[in-house]
Amino acid sequence: MTDQPTGADETEPTPEDVRAVLGEVTDPTHGTDVVDAGAVAGVDVSDGAVAVDAALDSRDPETADLLADRMRSAVLELPGVSEVHVDADAAGPDHGIELDGVDRVVAVASAKGGVGKTTVATQLARGLAAEGESVGLFDADVYGPNVPDLLDLEGPLETTADGAAKPVERDGVQAISVGLIANDEPLAWRGSMAHEAVEELLTDAAWDVDTLVIDLPPGTGDIVLTALQSFPVDGAVLVSTPFPTAAGDTGRSETLFREQGVPILGAVFNMAGYTCPSCGDEHAPFGEPPEVRADVLAELPVDETLRSTEGDVPDPFRSMAGAVRSKLDEADRIATSPDALDLRGVPERARRDQLRTEYDALDPGESLDALVDQPPASLRSAVADAVDGDPETATARRDGGAWAVRFSKPARAEPPAAAGE
């Protein structure tokens with residue numbers, strides 16, 4: 001996609017030409033132009049494409065985003081420029097944390113506590129291991145780390161020769177929990193302290209797994225939001241009971257995950273029913289599970305055997321593990337077209353404007369692929385007005401720093417048939 005055509009008689013600008021035009025962009029932080037302020041670390045020009053390495057890390061994110069936008073607009077005015085890429089360090093949050101020894105990550109989350117989230121996370125990990133995968137289980141629920149109890153694990157954690165935390169293996173699952181370093185003491189950590197502790201333990205662990213299951217804290221607090229923004233989460237499983245308020249909160253959590261570019265693999269409704277031990281009748285204490293946008297992976301009854309980690313993995317969790325594996329494969333299959341709109345490094349305002357222009361040009365039923373380095377929530381809102389609601393999208397997390405997003409324009413509805421036809 002090009003921002004303006006390049007005529008055959010136009011001469012490609014030199015890096016000096018680019019620096020000269022950038023010298024006309026004022027940096028409000030320093031009261032001088034961006035070149036004299038040291039905000040231009042490098043310039044590269046190749047076949048009409050200009051790449052500007054912008055050193056904006058000393059500015060606040062809003063100012064950095066504004067400057068990157070102005071720099072890009074100024075360079076686009078040069079004759080012979082077909083596209084501009086401004087790599088601005090401070091133009092957005094960091095999404096580059098990588099987990100060594102991990103191929104893909106599944107987050108298990110719930111809007112409320114007490115719905116069986118840790119049981120689902122633990123049994124899902126065991127189910128994936130029973131399917132032949134090497135699996136890790138990370139207990140990030142700092143205020144209620146229950147994985148050690150479910151898997152009968154004891155601390156303290158050992159370290160490897162290079163000082164990394166060594167997971168404890170049980171039933172083919174490599175597990176690490178904050179509970180294994182707390183010695184049964186209560187954890188009175190504030191949000192930032194809790195997040196830093198979780199991040200350090202997760203990234204410093206000696207993982208060697210195909211799939212890592214992360215048991216997130218309930219709700220949508222700091223740890224959950226930071227994990228979605230910082231770690232390469234490939235998909236999420238949401239756990240709820242059928243109780244209306246719990247299911248409603250789960251819907252809001254689902255919206256948050258989708259806004260952060262995390263595919264929803266499905267929902268699990270726990271305590272969906274039970275069998276009376278006296279008469280054998282089936283009962284649904286919370287009523288029938290409500291409709292949700294996500295696929296329902298399982299409706300689990302009140303049954304103590306489902307919590308047990310002794311012996312074989314219960315059948316519902318083996319089925320769930322198979323469904324999660326299939327959905328992870330589907331989430332990885334957004335093969336972007338060669339002419340995908342590359343919006344990585346483009347400032348927020350320019351990114352939204354360019355996407356909206358390209359989306360508006362689509363015919364009904366056509367799709368537009370885009371590559372972005374920030375959660376695609378703002379991009380969805382950029383095109384929402386065009387479809388009078390949320391656009392049809394599909395998202396894949398490529399790695400810690402990029403998403404592939406496909407925006408599809410709804411096909412026009414067929415007009416109703418005339419009377420008598």
# chains A, B, ... in the order shown; residues from 1 in each chain; ligands from 1
$ residues_around --residues "Pro285 in chain A" --least-positions-apart "3" --cutoff "12 Å" --atoms "only C-alpha atoms" --output "list in words"
Thr241, Pro242, Phe243, Pro244, Asn270, Met271, Ala272, Gly273, Tyr274, Thr275, Cys276, Glu282, Glu288, Pro289, Pro301 and Val302 of chain A
$ select_by_dssp --residues "range 43-227 of chain A" --states "strand (DSSP E)" --output "PyMOL selection string"
chain A and resi 43-46+49-54+83-88+102-110+135-139+158-159+165-166+168-170+173-177+209-215
$ write_last_selection --atoms "N, CA and C atoms" --output "tab-separated table (two decimals), in the first residue's frame"
chain	number	residue	atom	x	y	z
A	43	VAL	N	18.51	7.47	9.48
A	43	VAL	CA	17.61	7.57	8.33
A	43	VAL	C	18.10	6.61	7.25
A	44	ASP	N	17.16	5.87	6.66
A	44	ASP	CA	17.50	4.97	5.56
A	44	ASP	C	16.49	5.18	4.43
A	45	VAL	N	16.98	5.25	3.21
A	45	VAL	CA	16.12	5.44	2.03
A	45	VAL	C	16.41	4.34	1.03
A	46	SER	N	15.36	3.66	0.57
A	46	SER	CA	15.53	2.58	-0.40
A	46	SER	C	14.30	2.47	-1.27
A	49	ALA	N	11.12	4.14	-0.21
A	49	ALA	CA	10.67	3.86	1.16
A	49	ALA	C	11.67	4.46	2.14
A	50	VAL	N	11.18	5.25	3.06
A	50	VAL	CA	12.03	5.92	4.03
A	50	VAL	C	11.78	5.32	5.41
A	51	ALA	N	12.87	4.94	6.09
A	51	ALA	CA	12.78	4.46	7.47
A	51	ALA	C	13.53	5.44	8.37
A	52	VAL	N	12.83	5.94	9.38
A	52	VAL	CA	13.41	6.88	10.32
A	52	VAL	C	13.49	6.21	11.68
A	53	ASP	N	14.70	6.12	12.22
A	53	ASP	CA	14.90	5.60	13.57
A	53	ASP	C	14.76	6.77	14.53
A	54	ALA	N	13.61	6.83	15.22
A	54	ALA	CA	13.31	7.98	16.08
A	54	ALA	C	13.62	7.66	17.53
A	83	GLU	N	6.56	5.65	0.79
A	83	GLU	CA	6.07	5.26	2.11
A	83	GLU	C	7.11	5.64	3.15
A	84	VAL	N	6.63	5.81	4.39
A	84	VAL	CA	7.50	6.20	5.49
A	84	VAL	C	7.22	5.32	6.69
A	85	HIS	N	8.29	4.83	7.28
A	85	HIS	CA	8.18	4.02	8.50
A	85	HIS	C	8.99	4.71	9.59
A	86	VAL	N	8.32	5.15	10.66
A	86	VAL	CA	9.00	5.80	11.78
A	86	VAL	C	9.02	4.82	12.95
A	87	ASP	N	10.21	4.36	13.29
A	87	ASP	CA	10.37	3.44	14.41
A	87	ASP	C	10.57	4.27	15.67
A	88	ALA	N	9.46	4.49	16.41
A	88	ALA	CA	9.50	5.35	17.59
A	88	ALA	C	9.45	4.50	18.85
A	102	VAL	N	9.37	-21.94	25.29
A	102	VAL	CA	7.91	-22.07	25.20
A	102	VAL	C	7.48	-21.81	23.77
A	103	ASP	N	6.72	-22.75	23.17
A	103	ASP	CA	6.24	-22.56	21.80
A	103	ASP	C	4.97	-21.72	21.76
A	104	ARG	N	4.03	-21.98	22.67
A	104	ARG	CA	2.79	-21.22	22.66
A	104	ARG	C	2.20	-21.17	24.06
A	105	VAL	N	1.36	-20.16	24.30
A	105	VAL	CA	0.85	-19.88	25.64
A	105	VAL	C	-0.68	-19.86	25.62
A	106	VAL	N	-1.28	-20.54	26.58
A	106	VAL	CA	-2.73	-20.52	26.77
A	106	VAL	C	-3.01	-19.94	28.15
A	107	ALA	N	-3.82	-18.89	28.20
A	107	ALA	CA	-4.21	-18.28	29.47
A	107	ALA	C	-5.58	-18.83	29.88
A	108	VAL	N	-5.71	-19.19	31.15
A	108	VAL	CA	-7.00	-19.60	31.71
A	108	VAL	C	-7.41	-18.52	32.69
A	109	ALA	N	-8.59	-17.93	32.46
A	109	ALA	CA	-8.99	-16.75	33.22
A	109	ALA	C	-10.44	-16.85	33.65
A	110	SER	N	-10.79	-16.04	34.63
A	110	SER	CA	-12.18	-15.95	35.07
A	110	SER	C	-12.45	-14.54	35.54
A	135	VAL	N	4.16	-30.02	28.46
A	135	VAL	CA	3.28	-28.96	28.97
A	135	VAL	C	3.86	-28.34	30.23
A	136	GLY	N	3.73	-27.01	30.31
A	136	GLY	CA	4.05	-26.29	31.54
A	136	GLY	C	2.79	-25.68	32.12
A	137	LEU	N	2.79	-25.49	33.43
A	137	LEU	CA	1.67	-24.86	34.13
A	137	LEU	C	2.24	-23.80	35.05
A	138	PHE	N	1.89	-22.55	34.79
A	138	PHE	CA	2.37	-21.45	35.62
A	138	PHE	C	1.21	-20.87	36.40
A	139	ASP	N	1.33	-20.90	37.73
A	139	ASP	CA	0.30	-20.39	38.62
A	139	ASP	C	0.60	-18.93	38.93
A	158	GLU	N	13.79	-25.37	43.26
A	158	GLU	CA	15.23	-25.49	43.05
A	158	GLU	C	15.64	-24.62	41.87
A	159	THR	N	16.93	-24.42	41.71
A	159	THR	CA	17.44	-23.65	40.58
A	159	THR	C	18.36	-24.50	39.74
A	165	ALA	N	14.82	-20.71	37.70
A	165	ALA	CA	13.90	-21.49	38.51
A	165	ALA	C	13.57	-22.80	37.80
A	166	LYS	N	13.67	-23.90	38.50
A	166	LYS	CA	13.45	-25.22	37.91
A	166	LYS	C	12.02	-25.67	38.20
A	168	VAL	N	8.75	-27.90	38.86
A	168	VAL	CA	8.51	-29.20	39.50
A	168	VAL	C	7.64	-30.02	38.56
A	169	GLU	N	8.03	-31.25	38.27
A	169	GLU	CA	7.26	-32.06	37.32
A	169	GLU	C	6.34	-33.03	38.04
A	170	ARG	N	5.11	-33.06	37.57
A	170	ARG	CA	4.12	-33.99	38.12
A	170	ARG	C	3.17	-34.40	37.00
A	173	VAL	N	3.60	-32.76	33.69
A	173	VAL	CA	3.40	-31.31	33.65
A	173	VAL	C	4.51	-30.63	34.44
A	174	GLN	N	5.19	-29.67	33.79
A	174	GLN	CA	6.19	-28.85	34.48
A	174	GLN	C	5.47	-27.67	35.13
A	175	ALA	N	5.51	-27.58	36.44
A	175	ALA	CA	4.71	-26.58	37.15
A	175	ALA	C	5.58	-25.64	37.97
A	176	ILE	N	5.18	-24.38	37.98
A	176	ILE	CA	5.77	-23.36	38.85
A	176	ILE	C	4.63	-22.53	39.42
A	177	SER	N	4.71	-22.25	40.71
A	177	SER	CA	3.68	-21.45	41.38
A	177	SER	C	4.32	-20.48	42.35
A	209	VAL	N	8.87	-26.55	26.91
A	209	VAL	CA	7.54	-27.11	26.70
A	209	VAL	C	6.98	-26.69	25.34
A	210	ASP	N	6.04	-27.50	24.86
A	210	ASP	CA	5.29	-27.12	23.67
A	210	ASP	C	4.26	-26.04	24.01
A	211	THR	N	3.51	-26.28	25.10
A	211	THR	CA	2.44	-25.37	25.49
A	211	THR	C	2.57	-25.03	26.96
A	212	LEU	N	2.46	-23.74	27.27
A	212	LEU	CA	2.46	-23.28	28.65
A	212	LEU	C	1.06	-22.79	29.00
A	213	VAL	N	0.45	-23.37	30.02
A	213	VAL	CA	-0.85	-22.94	30.52
A	213	VAL	C	-0.61	-21.98	31.69
A	214	ILE	N	-1.18	-20.77	31.61
A	214	ILE	CA	-1.03	-19.79	32.68
A	214	ILE	C	-2.36	-19.64	33.40
A	215	ASP	N	-2.36	-19.92	34.70
A	215	ASP	CA	-3.54	-19.72	35.54
A	215	ASP	C	-3.51	-18.29	36.05
$ residues_around --residues "Glu358 in chain A" --least-positions-apart "6" --cutoff "12 Å" --atoms "only C-alpha atoms" --output "PyMOL selection string"
chain A and resi 1-3+339-343+351-352+366-370+379+382-383+386+407-409
$ closest_residue --among "A:Pro28, A:Gly219, A:Asp162, A:Leu128" --to "Gly114 in chain A" --atoms "only C-alpha atoms"
A:Gly219
$ select_by_dssp --residues "range 248-407 of chain A" --states "helix (DSSP H, G or I)" --output "PyMOL selection string"
chain A and resi 248-259+304-307+315-331+348-360+377-387
$ residues_around --residues "Asp315 in chain A" --least-positions-apart "3" --cutoff "12 Å" --atoms "only C-alpha atoms" --output "list of chain:residue names"
A:Gln123, A:Leu124, A:Arg126, A:Gly127, A:Ala130, A:Glu131, A:Ala298, A:Leu300, A:Thr305, A:Leu306, A:Gly311, A:Asp312, A:Arg318, A:Ser319, A:Met320, A:Ala321, A:Gly322
$ residues_around --residues "Thr63 in chain A" --least-positions-apart "3" --cutoff "9 Å" --atoms "only C-alpha atoms" --output "short mmCIF file (atom, residue, chain, number, x, y, z; two decimals) with N, CA and C atoms, in the first residue's frame"
data_model
loop_
_atom_site.label_atom_id
_atom_site.label_comp_id
_atom_site.auth_asym_id
_atom_site.auth_seq_id
_atom_site.Cartn_x
_atom_site.Cartn_y
_atom_site.Cartn_z
N ASP A 27 10.15 19.99 18.28
CA ASP A 27 9.99 19.11 19.43
C ASP A 27 9.56 19.96 20.63
N PRO A 28 8.30 19.87 21.07
CA PRO A 28 7.83 20.73 22.16
C PRO A 28 8.53 20.47 23.48
N THR A 29 9.09 19.28 23.65
CA THR A 29 9.78 18.95 24.90
C THR A 29 11.06 19.75 25.05
N LEU A 56 12.84 8.59 20.84
CA LEU A 56 11.85 9.38 21.57
C LEU A 56 11.61 8.86 22.98
N ARG A 59 10.55 11.16 25.95
CA ARG A 59 9.27 11.86 25.92
C ARG A 59 8.18 10.97 26.49
N ASP A 60 7.12 11.59 26.96
CA ASP A 60 5.98 10.80 27.39
C ASP A 60 5.32 10.19 26.15
N LEU A 66 2.76 11.89 18.98
CA LEU A 66 2.50 13.09 18.20
C LEU A 66 3.71 13.44 17.32
N LEU A 67 4.91 13.37 17.90
CA LEU A 67 6.11 13.68 17.13
C LEU A 67 6.33 12.70 15.99
N ALA A 68 6.15 11.42 16.28
CA ALA A 68 6.33 10.41 15.23
C ALA A 68 5.36 10.65 14.08
N ALA A 90 9.13 5.12 21.99
CA ALA A 90 8.18 5.43 23.05
C ALA A 90 6.77 5.62 22.55
N ALA A 91 6.49 5.23 21.30
CA ALA A 91 5.16 5.48 20.76
C ALA A 91 4.13 4.47 21.19
#
$ closest_residue --among "A:Leu265, A:Leu228, A:Val346, A:Leu371" --to "Asp69 in chain A" --atoms "only C-alpha atoms"
A:Val346
$ atom_distance --atom1 "CA of Ser73 in chain A" --atom2 "CA of Val25 in chain A"
9.8 Å
$ atom_distance --atom1 "CA of Val239 in chain A" --atom2 "CA of Ala129 in chain A"
20.3 Å
$ atom_distance --atom1 "CA of Ile264 in chain A" --atom2 "CA of Asp363 in chain A"
27.8 Å
$ closest_residue --among "A:Val268, A:Leu153, A:Ala227, A:Ala411" --to "Phe317 in chain A" --atoms "only C-alpha atoms"
A:Val268
